[in-house]
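Visitor: Please find run09.txt (compact mmCIF, C-alpha atoms) on the next line:
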```txt
# COMPACT_ATOMS: atom_id res chain seq x y z
CA MET C 1 -16.01 44.19 -8.92
CA ALA C 2 -12.45 43.63 -7.67
CA ARG C 3 -10.04 41.96 -10.06
CA VAL C 4 -8.38 38.85 -8.66
CA THR C 5 -4.69 38.30 -9.43
CA GLU C 6 -2.47 35.23 -9.49
CA ALA C 7 -0.44 36.74 -6.67
CA ALA C 8 -3.54 37.00 -4.48
CA VAL C 9 -4.45 33.37 -5.19
CA MET C 10 -0.95 32.18 -4.36
CA ALA C 11 -1.00 34.19 -1.13
CA ALA C 12 -4.28 32.52 -0.12
CA LEU C 13 -2.86 29.08 -0.84
CA LYS C 14 0.34 29.89 1.02
CA ALA C 15 -1.76 30.19 4.19
CA LEU C 16 -2.66 26.48 3.93
CA GLN C 17 -0.36 23.75 5.18
CA ASP C 18 0.54 20.42 3.62
CA PRO C 19 -0.06 17.92 6.45
CA ALA C 20 2.62 15.57 5.14
CA SER C 21 5.56 17.98 4.96
CA GLY C 22 4.36 20.71 7.31
CA ARG C 23 5.17 23.35 4.70
CA ASP C 24 2.66 25.65 3.05
CA LEU C 25 1.22 24.53 -0.29
CA VAL C 26 3.20 27.03 -2.35
CA THR C 27 6.58 26.39 -0.72
CA ALA C 28 5.96 22.63 -0.99
CA GLY C 29 5.59 23.06 -4.76
CA MET C 30 2.11 21.51 -4.77
CA VAL C 31 0.34 24.33 -6.64
CA GLN C 32 0.62 23.86 -10.41
CA GLY C 33 -1.21 24.96 -13.56
CA LEU C 34 -2.76 28.09 -12.02
CA THR C 35 -5.00 30.03 -14.39
CA VAL C 36 -7.08 33.10 -13.59
CA LYS C 37 -9.58 34.40 -16.13
CA ASP C 38 -12.62 36.64 -15.63
CA GLY C 39 -12.81 35.74 -11.96
CA ASN C 40 -12.61 31.99 -12.64
CA VAL C 41 -9.66 30.34 -10.92
CA GLN C 42 -8.33 26.88 -11.66
CA PHE C 43 -5.27 25.10 -10.27
CA VAL C 44 -3.84 21.69 -9.60
CA LEU C 45 -2.53 20.29 -6.32
CA GLU C 46 0.17 17.73 -7.02
CA VAL C 47 0.32 15.18 -4.22
CA ASP C 48 2.03 11.92 -3.37
CA PRO C 49 -0.02 9.01 -4.81
CA ALA C 50 -0.03 7.33 -1.38
CA GLN C 51 -1.63 10.42 0.17
CA GLY C 52 -4.10 11.23 -2.60
CA ALA C 53 -7.27 9.88 -0.99
CA LYS C 54 -6.47 11.48 2.38
CA LEU C 55 -5.96 14.95 0.93
CA GLU C 56 -9.47 15.52 -0.42
CA PRO C 57 -10.26 17.79 2.60
CA LEU C 58 -7.16 19.85 1.74
CA ARG C 59 -8.39 20.23 -1.85
CA GLN C 60 -11.72 21.49 -0.55
CA GLN C 61 -9.98 23.91 1.85
CA ALA C 62 -7.88 25.27 -1.02
CA GLU C 63 -10.99 25.85 -3.13
CA GLN C 64 -12.77 27.62 -0.30
CA ALA C 65 -9.74 29.78 0.50
CA VAL C 66 -9.55 31.00 -3.08
CA LEU C 67 -13.32 31.36 -3.41
CA ALA C 68 -13.28 33.72 -0.42
CA LEU C 69 -11.04 36.19 -2.27
CA PRO C 70 -12.68 39.37 -3.60
CA GLY C 71 -13.37 39.09 -7.31
CA VAL C 72 -13.40 35.27 -7.48
CA ALA C 73 -16.53 33.94 -9.18
CA SER C 74 -15.50 30.26 -9.17
CA ALA C 75 -12.59 28.20 -7.92
CA THR C 76 -11.66 24.70 -9.08
CA ALA C 77 -8.87 22.67 -7.49
CA ILE C 78 -7.93 19.29 -8.93
CA LEU C 79 -5.84 16.69 -7.12
CA THR C 80 -3.30 14.83 -9.23
CA ALA C 81 -1.11 12.08 -7.86
CA HIS C 82 2.45 12.79 -8.95
CA ARG C 83 5.44 10.55 -8.29
CA SER C 84 8.58 12.14 -7.01
CA GLN C 85 11.61 12.03 -9.29
CA ALA C 86 13.32 9.63 -6.91
CA ALA C 87 10.39 7.24 -7.03
CA ALA C 88 10.30 7.45 -10.80
CA GLN C 89 13.96 6.48 -11.28
CA PRO C 90 14.41 2.91 -12.50
CA ARG C 91 16.42 0.69 -10.20
CA PRO C 92 19.79 -0.55 -11.46
CA ALA C 93 19.66 -3.90 -13.19
CA THR C 94 20.86 -6.85 -11.15
CA HIS C 95 23.71 -9.05 -12.32
CA HIS C 96 21.19 -11.78 -13.14
CA GLU C 97 19.08 -9.43 -15.27
CA ASN C 98 22.13 -8.12 -17.15
CA HIS C 99 23.25 -11.69 -17.76
CA ALA C 100 19.79 -12.67 -19.04
CA HIS C 101 19.65 -9.65 -21.34
CA ALA C 102 23.07 -10.45 -22.75
CA HIS C 103 21.82 -13.91 -23.69
CA GLY C 104 18.71 -12.67 -25.46
CA ALA C 105 16.14 -12.96 -22.69
CA GLN C 106 13.78 -10.00 -22.54
CA GLN C 107 13.06 -8.73 -19.06
CA ARG C 108 9.90 -6.68 -19.54
CA PRO C 109 8.15 -5.79 -16.29
CA PRO C 110 4.62 -4.53 -16.81
CA LEU C 111 3.96 -0.84 -16.51
CA PRO C 112 2.01 0.40 -13.47
CA GLY C 113 -1.61 -0.56 -13.94
CA ALA C 114 -1.00 -2.54 -17.13
CA GLY C 115 -3.08 -5.63 -17.63
CA LYS C 116 -6.73 -6.48 -17.37
CA ALA C 117 -6.74 -6.16 -13.57
CA ALA C 118 -6.34 -2.40 -13.96
CA LEU C 119 -9.98 -2.06 -15.12
CA PRO C 120 -11.69 -5.16 -13.73
CA ASN C 121 -15.27 -4.07 -14.53
CA ILE C 122 -14.62 -3.02 -18.13
CA ARG C 123 -14.47 -5.79 -20.70
CA SER C 124 -13.01 -3.73 -23.55
CA VAL C 125 -11.53 -0.27 -24.12
CA ILE C 126 -11.76 1.27 -27.59
CA ALA C 127 -9.74 4.41 -28.31
CA VAL C 128 -10.97 6.85 -30.96
CA ALA C 129 -7.99 8.72 -32.38
CA SER C 130 -6.93 11.02 -35.19
CA GLY C 131 -3.64 12.17 -36.58
CA LYS C 132 -4.74 15.81 -36.56
CA GLY C 133 -7.46 18.00 -35.13
CA GLY C 134 -10.57 19.20 -36.90
CA VAL C 135 -11.50 15.91 -38.55
CA GLY C 136 -14.59 15.21 -36.42
CA LYS C 137 -13.04 12.65 -34.08
CA SER C 138 -14.98 13.73 -30.98
CA THR C 139 -18.31 13.80 -32.82
CA THR C 140 -17.53 10.33 -34.12
CA ALA C 141 -16.62 9.09 -30.62
CA ALA C 142 -19.85 10.42 -29.09
CA ASN C 143 -22.09 8.91 -31.75
CA LEU C 144 -20.07 5.68 -31.82
CA ALA C 145 -20.58 5.22 -28.08
CA LEU C 146 -24.34 5.75 -28.43
CA ALA C 147 -24.49 3.49 -31.48
CA LEU C 148 -22.72 0.71 -29.56
CA GLN C 149 -25.20 1.22 -26.73
CA ALA C 150 -28.03 0.87 -29.27
CA GLN C 151 -26.71 -2.65 -29.97
CA GLY C 152 -27.57 -3.56 -26.40
CA LEU C 153 -24.05 -3.15 -25.02
CA LYS C 154 -23.21 -1.45 -21.73
CA VAL C 155 -21.04 1.45 -22.83
CA GLY C 156 -19.18 4.36 -21.21
CA LEU C 157 -17.52 7.42 -22.76
CA LEU C 158 -14.27 8.97 -21.48
CA ASP C 159 -13.12 12.31 -22.87
CA ALA C 160 -9.32 11.98 -22.69
CA ASP C 161 -8.68 15.26 -24.48
CA ILE C 162 -7.37 17.20 -21.49
CA TYR C 163 -6.42 20.31 -23.46
CA GLY C 164 -9.58 20.54 -25.56
CA PRO C 165 -12.46 18.54 -24.04
CA SER C 166 -15.47 18.42 -26.37
CA GLN C 167 -17.75 15.77 -24.91
CA PRO C 168 -19.55 18.04 -22.40
CA ARG C 169 -20.77 20.22 -25.28
CA LEU C 170 -21.42 17.31 -27.65
CA MET C 171 -23.41 15.36 -25.06
CA GLY C 172 -25.23 18.40 -23.64
CA LEU C 173 -23.78 18.01 -20.13
CA THR C 174 -22.66 20.61 -17.60
CA GLY C 175 -21.72 20.83 -13.94
CA ARG C 176 -19.32 19.10 -11.61
CA PRO C 177 -20.01 15.37 -11.10
CA ASP C 178 -20.77 14.12 -7.59
CA SER C 179 -18.21 12.49 -5.32
CA PRO C 180 -19.97 11.01 -2.27
CA ASP C 181 -16.78 9.91 -0.49
CA GLY C 182 -14.25 12.39 -1.85
CA LYS C 183 -12.38 9.50 -3.50
CA THR C 184 -14.53 8.27 -6.37
CA ILE C 185 -16.55 10.17 -8.96
CA ILE C 186 -20.07 9.43 -10.13
CA PRO C 187 -20.08 10.26 -13.84
CA HIS C 188 -22.81 12.18 -15.64
CA ARG C 189 -25.13 10.06 -17.76
CA VAL C 190 -26.84 10.46 -21.12
CA ASN C 191 -29.54 7.89 -21.83
CA GLY C 192 -27.92 5.72 -19.14
CA LEU C 193 -24.46 6.03 -20.74
CA PRO C 194 -21.82 7.24 -18.20
CA VAL C 195 -19.66 10.12 -19.44
CA MET C 196 -16.55 11.62 -17.81
CA SER C 197 -14.48 14.60 -18.95
CA ILE C 198 -12.07 17.11 -17.44
CA GLY C 199 -14.46 19.62 -18.99
CA PHE C 200 -16.89 18.97 -16.13
CA LEU C 201 -14.32 20.28 -13.65
CA VAL C 202 -13.14 23.46 -15.38
CA ALA C 203 -14.77 26.39 -17.15
CA GLU C 204 -15.34 25.78 -20.87
CA ASP C 205 -13.03 28.63 -21.95
CA THR C 206 -10.22 27.83 -19.50
CA ALA C 207 -6.85 27.01 -21.04
CA MET C 208 -5.32 23.85 -19.58
CA ILE C 209 -1.62 24.60 -19.06
CA TRP C 210 -0.44 21.25 -17.75
CA ARG C 211 2.81 19.35 -18.00
CA GLY C 212 2.92 15.77 -19.23
CA PRO C 213 2.92 14.06 -15.80
CA MET C 214 -0.15 16.06 -14.77
CA VAL C 215 -2.00 14.95 -17.91
CA GLN C 216 -1.06 11.33 -17.28
CA SER C 217 -2.19 11.46 -13.65
CA ALA C 218 -5.51 13.11 -14.53
CA LEU C 219 -6.21 10.46 -17.18
CA MET C 220 -5.52 7.60 -14.79
CA GLN C 221 -7.76 9.16 -12.15
CA MET C 222 -10.62 9.55 -14.62
CA LEU C 223 -10.22 5.92 -15.58
CA ARG C 224 -9.78 4.30 -12.17
CA ASP C 225 -11.56 6.65 -9.76
CA VAL C 226 -14.84 6.90 -11.70
CA GLN C 227 -17.75 4.62 -10.89
CA TRP C 228 -18.18 3.29 -14.42
CA GLY C 229 -20.05 0.19 -13.32
CA GLN C 230 -19.95 -3.01 -15.36
CA LEU C 231 -19.21 -2.11 -18.98
CA ASP C 232 -18.91 -4.13 -22.15
CA CYS C 233 -17.03 -1.25 -23.71
CA LEU C 234 -15.45 2.06 -22.72
CA VAL C 235 -15.04 4.43 -25.67
CA VAL C 236 -12.11 6.82 -25.14
CA ASP C 237 -12.00 10.07 -27.10
CA LEU C 238 -8.26 10.72 -27.43
CA PRO C 239 -6.79 14.12 -28.27
CA PRO C 240 -5.41 14.50 -31.80
CA GLY C 241 -1.81 13.62 -32.53
CA THR C 242 0.65 11.26 -30.86
CA GLY C 243 1.53 12.93 -27.54
CA ASP C 244 1.43 12.24 -23.80
CA ALA C 245 -2.25 11.29 -23.58
CA GLN C 246 -2.02 8.77 -26.41
CA LEU C 247 1.11 7.16 -25.00
CA THR C 248 -0.35 7.05 -21.48
CA MET C 249 -3.44 5.24 -22.73
CA ALA C 250 -1.46 2.92 -24.99
CA GLN C 251 1.09 1.97 -22.35
CA GLN C 252 -0.96 1.86 -19.14
CA VAL C 253 -4.43 0.75 -20.28
CA PRO C 254 -5.27 -2.64 -21.83
CA LEU C 255 -6.71 -1.18 -25.04
CA THR C 256 -8.73 -3.61 -27.11
CA GLY C 257 -7.94 -1.49 -30.13
CA ALA C 258 -8.07 1.91 -31.78
CA VAL C 259 -10.44 3.47 -34.29
CA ILE C 260 -8.78 6.17 -36.40
CA VAL C 261 -10.83 9.01 -37.87
CA SER C 262 -9.66 11.03 -40.88
CA THR C 263 -10.95 13.27 -43.59
CA PRO C 264 -10.13 12.03 -47.11
CA GLN C 265 -7.60 14.65 -48.27
CA ASP C 266 -3.88 13.91 -48.51
CA ILE C 267 -2.83 16.41 -45.82
CA ALA C 268 -4.97 14.61 -43.22
CA LEU C 269 -3.84 11.17 -44.35
CA LEU C 270 -0.20 12.12 -43.77
CA ASP C 271 -0.98 12.38 -40.06
CA VAL C 272 -3.10 9.24 -40.12
CA LYS C 273 0.00 7.32 -41.12
CA LYS C 274 1.75 8.65 -38.02
CA SER C 275 -1.12 7.49 -35.79
CA ILE C 276 -1.08 4.06 -37.38
CA ALA C 277 2.68 3.83 -36.87
CA MET C 278 2.38 4.88 -33.21
CA PHE C 279 -0.30 2.33 -32.34
CA ARG C 280 1.60 -0.42 -34.09
CA LYS C 281 4.78 0.53 -32.25
CA VAL C 282 3.07 0.20 -28.87
CA ASP C 283 1.28 -2.99 -29.89
CA VAL C 284 -2.28 -1.64 -29.95
CA PRO C 285 -4.52 -3.29 -32.57
CA ILE C 286 -6.11 -0.94 -35.09
CA LEU C 287 -9.78 -1.84 -35.41
CA GLY C 288 -10.32 0.27 -38.49
CA LEU C 289 -10.38 3.62 -40.23
CA VAL C 290 -13.37 5.98 -40.60
CA GLU C 291 -13.56 8.53 -43.42
CA ASN C 292 -15.35 11.57 -42.01
CA MET C 293 -16.68 14.50 -44.08
CA SER C 294 -16.53 12.13 -47.00
CA VAL C 295 -19.03 13.88 -49.25
CA PHE C 296 -21.28 16.92 -49.06
CA VAL C 297 -24.80 16.46 -50.39
CA CYS C 298 -26.62 19.73 -51.05
CA PRO C 299 -29.84 19.71 -48.97
CA ASN C 300 -31.62 21.69 -51.69
CA CYS C 301 -30.70 19.99 -54.96
CA GLY C 302 -29.03 16.74 -53.84
CA HIS C 303 -25.81 17.47 -55.74
CA GLU C 304 -22.74 15.72 -54.32
CA SER C 305 -19.56 17.74 -53.74
CA HIS C 306 -16.29 16.19 -52.59
CA VAL C 307 -15.11 19.17 -50.55
CA PHE C 308 -12.21 17.28 -48.99
CA SER C 309 -11.70 14.83 -51.85
CA HIS C 310 -13.20 11.36 -51.52
CA GLY C 311 -12.08 7.81 -50.86
CA GLY C 312 -8.63 8.70 -49.55
CA ALA C 313 -9.15 7.03 -46.18
CA HIS C 314 -10.53 3.91 -47.86
CA ARG C 315 -7.47 3.68 -50.10
CA GLU C 316 -5.13 4.24 -47.16
CA ALA C 317 -6.89 1.52 -45.15
CA ASP C 318 -6.45 -0.91 -48.05
CA LYS C 319 -2.78 0.07 -48.41
CA GLN C 320 -2.15 -0.42 -44.67
CA GLY C 321 -4.10 -3.67 -44.45
CA ILE C 322 -6.64 -2.10 -42.07
CA ARG C 323 -10.39 -2.61 -41.99
CA PHE C 324 -12.31 0.29 -43.55
CA LEU C 325 -15.22 1.00 -41.22
CA GLY C 326 -17.27 3.36 -43.36
CA GLU C 327 -17.92 6.91 -44.50
CA VAL C 328 -19.62 9.78 -42.68
CA PRO C 329 -20.82 12.70 -44.84
CA LEU C 330 -20.13 16.39 -44.29
CA ASP C 331 -23.65 16.98 -43.08
CA LEU C 332 -25.42 20.06 -41.72
CA LYS C 333 -27.66 18.02 -39.42
CA ILE C 334 -24.69 16.31 -37.78
CA ARG C 335 -23.06 19.69 -37.18
CA GLU C 336 -26.25 21.25 -35.79
CA THR C 337 -27.04 18.38 -33.43
CA SER C 338 -23.43 18.25 -32.22
CA ASP C 339 -23.33 21.97 -31.42
CA ALA C 340 -26.70 21.69 -29.66
CA GLY C 341 -25.58 18.79 -27.44
CA ARG C 342 -28.11 16.46 -29.06
CA PRO C 343 -26.13 13.58 -30.63
CA ILE C 344 -27.84 12.50 -33.81
CA VAL C 345 -27.76 8.77 -32.98
CA LEU C 346 -29.76 9.42 -29.80
CA HIS C 347 -32.08 12.25 -30.80
CA PHE C 348 -32.71 11.35 -34.45
CA PRO C 349 -32.31 7.55 -34.45
CA ASP C 350 -34.34 7.06 -37.64
CA SER C 351 -32.19 9.43 -39.70
CA PRO C 352 -29.84 8.06 -42.38
CA GLN C 353 -26.96 9.76 -40.56
CA ALA C 354 -27.71 7.80 -37.38
CA GLU C 355 -27.92 4.56 -39.35
CA GLY C 356 -24.50 5.36 -40.82
CA TYR C 357 -22.99 5.59 -37.34
CA ARG C 358 -24.74 2.37 -36.28
CA ALA C 359 -23.28 0.59 -39.32
CA ILE C 360 -19.81 1.76 -38.32
CA ALA C 361 -20.44 0.67 -34.72
CA ARG C 362 -21.38 -2.83 -35.88
CA GLN C 363 -18.07 -3.06 -37.73
CA VAL C 364 -16.14 -1.69 -34.76
CA TRP C 365 -17.67 -4.16 -32.34
CA ALA C 366 -17.08 -7.06 -34.73
CA ALA C 367 -13.41 -6.09 -34.91
CA ALA C 368 -13.25 -5.68 -31.11
CA GLU C 369 -14.77 -9.10 -30.54
CA GLU C 370 -12.14 -10.60 -32.81
CA GLN C 371 -9.47 -9.09 -30.56
CA LEU C 372 -11.24 -10.21 -27.39
CA ALA C 373 -11.61 -13.74 -28.74
CA GLY C 374 -7.87 -13.84 -29.35
CA GLY C 375 -7.17 -13.88 -25.62
CA THR C 376 -6.83 -11.54 -22.69
CA ARG C 377 -4.86 -8.52 -23.75
CA GLN C 378 -2.26 -7.56 -21.16
CA GLY C 379 -1.18 -4.28 -22.71
CA PRO C 380 2.21 -3.34 -24.15
CA LYS C 381 5.40 -3.45 -22.11
CA ILE C 382 8.60 -1.47 -22.26
CA THR C 383 12.10 -2.91 -22.39
CA MET C 384 15.31 -0.96 -21.88
CA GLN C 385 18.05 -1.83 -24.34
```
Could the structure of this file be written out as structure tokens, please?
Guide:
Amino acid sequence: MARVTEAAVMAALKALQDPASGRDLVTAGMVQGLTVKDGNVQFVLEVDPAQGAKLEPLRQQAEQAVLALPGVASATAILTAHRSQAAAQPRPATHHENHAHAHGAQQRPPLPGAGKAALPNIRSVIAVASGKGGVGKSTTAANLALALQAQGLKVGLLDADIYGPSQPRLMGLTGRPDSPDGKTIIPHRVNGLPVMSIGFLVAEDTAMIWRGPMVQSALMQMLRDVQWGQLDCLVVDLPPGTGDAQLTMAQQVPLTGAVIVSTPQDIALLDVKKSIAMFRKVDVPILGLVENMSVFVCPNCGHESHVFSHGGAHREADKQGIRFLGEVPLDLKIRETSDAGRPIVLHFPDSPQAEGYRAIARQVWAAAEEQLAGGTRQGPKITMQ
């Protein structure tokens, strides 16, 4: 079988024309994030936000042009709406605004999309975050979403981890979601729960080599261009750390609050403190802290081992004045069901592990309702000083 090269892909895309500028896609600088691996090709077409909906046929043409190349097994093109640098530049402050600032008035225009109107059919958005990777955040997010659904709530799940999407594997989902009009996406569903992830659009082993603006644009599209329906709650599985995805969600989405997941050892709690500081800085309420992998109980003899220490997250929550939501054990059954795409809350609802997640979900929703009862959250705003 012929081996496809990046040069061959770029040559195929150079034969296609951008209808807005009249230049080919490569010369116009629209082709970004190209990866070629084992015959699987993935790339991004950066377009003007105003033209995004009209350029779906171009995206399809680009996919077909690449798919026709010898050696290509699959081709995935993703449209991202990217503002030009000129459009992104802030306008100079007027004399009136400078005068107001000098006298202590704070001129804080909302960010694009900030406020409840940005997601009119979603009552609350709960982010699940962690200071570092490997603490079981995605597993917690998947089971939390299903546990909230078990309370009778209408829930959705968004995998916002662009670089390392886990929800397709955790929820046992594969394949590209449908888009009947080329503008909106119909999400996959598990037990009636809508799920969206960038992992549905790219091969599982594909490395996502995207710049910050591309990540931000993809996140906003997955939020606003997906047919979520009427939801009481959208659970968002954030990537670990405090980078572009976290700031995009915190600044442009009216988050009801954040749930932070940590293991109990000191090295993990150091990063938890950074997550707490970030959310507080951008005015996102912290609904509580979950201690994952809290204790290992031997399935043979019942002996308890504190592999990653124990109680550290609870102590940190008390120190920070944050609600402690509960403990999740380091459990073989949770690991097996997660790897198999059979979330334990859904497939083993009578297990003690599932009840543990439901108990955490009850606490999370109680904290969320407290925030919702406090008034309509309009999201954080930025001021230039």
Visitor: Looking at C:Leu173, C:Val72, C:Leu201, C:Ala65, which one is nearest to Leu16 in chain C, with distances taken over all atoms listed in the file?
Guide: C:Ala65
Visitor: Around the point (1.0, 21.2, 4.8) (coordinates from the file), which residues reach within 12 Å if we count all atoms listed in the file? Answer as a list of chain:residue names.
Guide: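 These residues have at least one counted atom within 12 Å: C:Leu13, C:Lys14, C:Ala15, C:Leu16, C:Gln17, C:Asp18, C:Pro19, C:Ala20, C:Ser21, C:Gly22, C:Arg23, C:Asp24, C:Leu25, C:Val26, C:Thr27, C:Ala28, C:Gly29, C:Met30, C:Val31, C:Leu45, C:Val47, C:Leu55, C:Pro57, C:Leu58, C:Arg59, C:Gln61, C:Ala62.
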Visitor: C:Gly39, C:Gly131, C:Gly356, C:Gly164: which is nearest Gly241 in chain C, counting all atoms listed in the file?
Guide: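 Distance minimum relative to Gly241 in chain C lands on C:Gly131.
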Visitor: Name the residues in contact with range 268-278 of chain C at a cut-off of 7 Å, using only C-alpha atoms, excluding same-chain residues fewer than 2 positions from it; report them as a PyMOL selection string.
Guide: chain C and resi 130-132+241-242+262-266+280-282+313
Visitor: Grab the residues selected above and save them as a PDB file, in the frame of the given file with C-alpha atoms.
Guide:
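Writing done, so here's part-v7.pdb:
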```pdb
ATOM      1  CA  SER C 130      -6.930  11.020 -35.190  1.00  0.00           C
ATOM      2  CA  GLY C 131      -3.640  12.170 -36.580  1.00  0.00           C
ATOM      3  CA  LYS C 132      -4.740  15.810 -36.560  1.00  0.00           C
ATOM      4  CA  GLY C 241      -1.810  13.620 -32.530  1.00  0.00           C
ATOM      5  CA  THR C 242       0.650  11.260 -30.860  1.00  0.00           C
ATOM      6  CA  SER C 262      -9.660  11.030 -40.880  1.00  0.00           C
ATOM      7  CA  THR C 263     -10.950  13.270 -43.590  1.00  0.00           C
ATOM      8  CA  PRO C 264     -10.130  12.030 -47.110  1.00  0.00           C
ATOM      9  CA  GLN C 265      -7.600  14.650 -48.270  1.00  0.00           C
ATOM     10  CA  ASP C 266      -3.880  13.910 -48.510  1.00  0.00           C
ATOM     11  CA  ARG C 280       1.600  -0.420 -34.090  1.00  0.00           C
ATOM     12  CA  LYS C 281       4.780   0.530 -32.250  1.00  0.00           C
ATOM     13  CA  VAL C 282       3.070   0.200 -28.870  1.00  0.00           C
ATOM     14  CA  ALA C 313      -9.150   7.030 -46.180  1.00  0.00           C
TER      15      ALA C 313
END
```
Visitor: Between C:Leu119, C:Val125, C:Val195, C:Leu79, single out the one closest to Pro165 in chain C, counting all atoms listed in the file.
Guide: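 Smallest separation from Pro165 in chain C among the options: C:Val195.
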Visitor: One number please: CA of Pro194 in chain C to CA of Gly374 in chain C, in Å, one decimal.
Guide: 27.6 Å
Visitor: Figure out the distance between CA of Leu234 in chain C and CA of Val44 in chain C, please, to one decimal in Å.
Guide: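 Rounded to one decimal, the two atoms are 26.3 Å apart.
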Visitor: Determine the nearest neighbour of Leu34 in chain C from the options C:Gln60, C:Thr5, C:Ser305, C:Ser138, counting only C-alpha atoms.
Guide: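 Under the stated criterion, the closest residue is C:Thr5.
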Visitor: Please provide the set of residues having any atom within 9 Å of Thr248 in chain C, restricted to only C-alpha atoms, with same-chain residues fewer than 4 positions apart removed, written as a ChimeraX atom specification.
Guide: /C:215-216,219-220,243-244,252-253
Visitor: Name the closest residue to Val226 in chain C among the candidates C:Gly134, C:Gly175, C:Gly199, C:Gly156; distances are taken between atoms, counting all atoms listed in the file.
Guide: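 Using all atoms listed in the file, Val226 in chain C sits closest to C:Gly156.
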Visitor: One decimal, Å: what's the distance from CA of Leu223 in chain C over to CA of Gly288 in chain C, could you say?
Guide: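 Going from CA of Leu223 in chain C over to CA of Gly288 in chain C, I get 23.6 Å.
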Visitor: Between C:Asp318, C:Glu355, C:Glu327, C:Asp237, single out the one closest to Ala142 in chain C, counting only C-alpha atoms.
Guide: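 Ranked by minimum distance to Ala142 in chain C, first place goes to C:Asp237.
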Visitor: With only C-alpha atoms as the counted atoms, please give the residues lying no more than 10 Å from His188 in chain C, apart from itself and same-chain residues fewer than 3 positions off, as a PyMOL selection string.
Guide: chain C and resi 168+171+173-178+185+192-197+200
Visitor: Go ahead and write the residues just picked, C-alpha atoms, as an mmCIF file, in the frame of the given file.
Guide:
```cif
data_model
loop_
_atom_site.group_PDB
_atom_site.id
_atom_site.type_symbol
_atom_site.label_atom_id
_atom_site.label_comp_id
_atom_site.auth_asym_id
_atom_site.auth_seq_id
_atom_site.Cartn_x
_atom_site.Cartn_y
_atom_site.Cartn_z
ATOM 1 C CA PRO C 168 -19.550 18.040 -22.400
ATOM 2 C CA MET C 171 -23.410 15.360 -25.060
ATOM 3 C CA LEU C 173 -23.780 18.010 -20.130
ATOM 4 C CA THR C 174 -22.660 20.610 -17.600
ATOM 5 C CA GLY C 175 -21.720 20.830 -13.940
ATOM 6 C CA ARG C 176 -19.320 19.100 -11.610
ATOM 7 C CA PRO C 177 -20.010 15.370 -11.100
ATOM 8 C CA ASP C 178 -20.770 14.120 -7.590
ATOM 9 C CA ILE C 185 -16.550 10.170 -8.960
ATOM 10 C CA GLY C 192 -27.920 5.720 -19.140
ATOM 11 C CA LEU C 193 -24.460 6.030 -20.740
ATOM 12 C CA PRO C 194 -21.820 7.240 -18.200
ATOM 13 C CA VAL C 195 -19.660 10.120 -19.440
ATOM 14 C CA MET C 196 -16.550 11.620 -17.810
ATOM 15 C CA SER C 197 -14.480 14.600 -18.950
ATOM 16 C CA PHE C 200 -16.890 18.970 -16.130
#
```
Visitor: Taking every listed atom of range 28-35 of chain C and adding 8 Å to each side, what centre and edge lengths in Å (one decimal) does the axis-aligned box have, as JSON?
Guide:
```
{"center_x": 0.5, "center_y": 25.8, "center_z": -7.7, "size_x": 27.0, "size_y": 24.5, "size_z": 29.4}
```
Visitor: Find the spatial neighbours of Pro352 in chain C, counting only C-alpha atoms, within a cut-off of 12 Å - ignore same-chain residues fewer than 6 positions away - and output them as a compact mmCIF listing (two decimals) with C-alpha atoms, in the frame of the given file.
Guide:
```txt
# COMPACT_ATOMS: atom_id res chain seq x y z
CA VAL C 328 -19.62 9.78 -42.68
CA PRO C 329 -20.82 12.70 -44.84
CA ASP C 331 -23.65 16.98 -43.08
CA LYS C 333 -27.66 18.02 -39.42
CA ILE C 334 -24.69 16.31 -37.78
CA ILE C 344 -27.84 12.50 -33.81
CA VAL C 345 -27.76 8.77 -32.98
CA ARG C 358 -24.74 2.37 -36.28
CA ALA C 359 -23.28 0.59 -39.32
```
Visitor: Is it possible to get the residues within 8 Å of (-7.1, 10.9, -27.6) (coordinates as in the file, counting all atoms listed in the file) written as a list in words?
Guide: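 I get Ala127, Val128, Ala129, Ser130, Asp159, Ala160, Asp161, Val236, Asp237, Leu238, Pro239, Pro240, Gly241, Ala245 and Gln246 of chain C for the residues within 8 Å of that point.
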